[in-house]
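Student: Have a look at this one.
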Amino acid sequence: MAIVTNREELKQYCLRTLGAPLVNIDVTDEQIEDRVDEAIAYFREYYFDGIEKVYLKHQLTQEDVDNEYIQLPDHVWSINRIFPFPTSSSSSQMNIFDLQYQLRMNDLRDLTSTSLIYYQQVMSHISLIDYLLNTQKQFRFNKLNGKLFIDDRWGANRGLGVGQWLIFDAYTALDPEQSPLLWNERLFKEYTTALIKRQWGTNLSKYQGVTLPGGITLDGQRILDEGKQEISEIEEQIMNQLAPLSWFVG
């Protein structure tokens, strides 16, 4: 079986699968490129390995502060959480006046002789205080414009200032250039081939019934119908592989 490692090899593989070079595949290179992009977009949206969970870091710039939003790259699919960032009264480094620092310094110097039960209880209490008194930052994100709006005060000596680092729990779309194994994924190759076949049938359908020299009759409608059927079957197979939806109890 041919191993596909890049975009050009995928295109040639699909054409060979459809019969090239023995059969003339009447599609332009631009149409093939469009169908490859269509396959990538579909797999990113529905294939179970089309996106991946990542942690992104971003350092706020003056442009971010002026706009009061962060422009994220196109491959960012969703933002699940923004990790708590320090308030204006604390630094990014733990200091000697921090409760956790004092607890660890005074009570956990020797872990072999100190019970962790007390530490766990105190940390739970501190976490509860933080949850009640420090509200989580609210945010809004839409992948179609890539703008992440954080509902906080922007500017120097305020909630969000230049130079501050943020960490996002996010999902990003799989980039085949960075993850070349996608090019050789069986369903991805079959799906791209079916899309090109549908395009081929669409191109030929306007010549339906035309007889070529030698008595050959074009049957673009049959190729079109076969392409549509193959696409439908592959999409159904992909949808059946999706993880089950989570149940919400309210």
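In the structure tokens, chains take the letters A, B, ... in the order shown, each chain's residues start at 1, and ligands count up from 1 in the order shown.
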List the neighbours of region 70-81 of chain A out to 12 Å using only C-alpha atoms; skip same-chain residues closer than 6 positions along the sequence, and give me the result as a PyMOL selection string.
Tutor: chain A and resi 41+44-45+50-64+136-151+154+160+162+166-176+178
Student: Region 1-100 of chain A near region 215-227 of chain A within 12 Å: what's each residue's closest atom pair and its distance in Å to one decimal, counting only C-alpha atoms, ordered by chain then ascending residue number, as a tab-separated table?
Tutor:
```
residue	atom	partner	partner_atom	distance
A:Leu18	CA	A:Ile223	CA	10.4
A:Ile25	CA	A:Ile223	CA	11.1
A:Asp26	CA	A:Gly220	CA	10.4
```
Student: With N, CA, C and O atoms kept, could you save the residues just selected as a PDB file, in the first residue's frame?
Tutor:
```pdb
ATOM      1  N   LEU A  18      -8.637   6.586  -8.843  1.00  0.00           N
ATOM      2  CA  LEU A  18      -9.742   6.799  -9.769  1.00  0.00           C
ATOM      3  C   LEU A  18      -9.436   6.305 -11.189  1.00  0.00           C
ATOM      4  O   LEU A  18     -10.317   6.344 -12.054  1.00  0.00           O
ATOM      5  N   ILE A  25      -8.845  11.764 -15.835  1.00  0.00           N
ATOM      6  CA  ILE A  25      -9.715  12.307 -14.782  1.00  0.00           C
ATOM      7  C   ILE A  25      -9.914  13.784 -15.070  1.00  0.00           C
ATOM      8  O   ILE A  25      -8.997  14.592 -14.912  1.00  0.00           O
ATOM      9  N   ASP A  26     -11.129  14.145 -15.486  1.00  0.00           N
ATOM     10  CA  ASP A  26     -11.400  15.502 -15.946  1.00  0.00           C
ATOM     11  C   ASP A  26     -11.698  16.441 -14.783  1.00  0.00           C
ATOM     12  O   ASP A  26     -12.837  16.881 -14.560  1.00  0.00           O
TER      13      ASP A  26
END
```
Student: Could you tell me how far CA of Gly201 (chain A) sits from CA of Ala20 (chain A), in Å to one decimal place?
Tutor: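 Between these atoms lies a distance of 14.9 Å.
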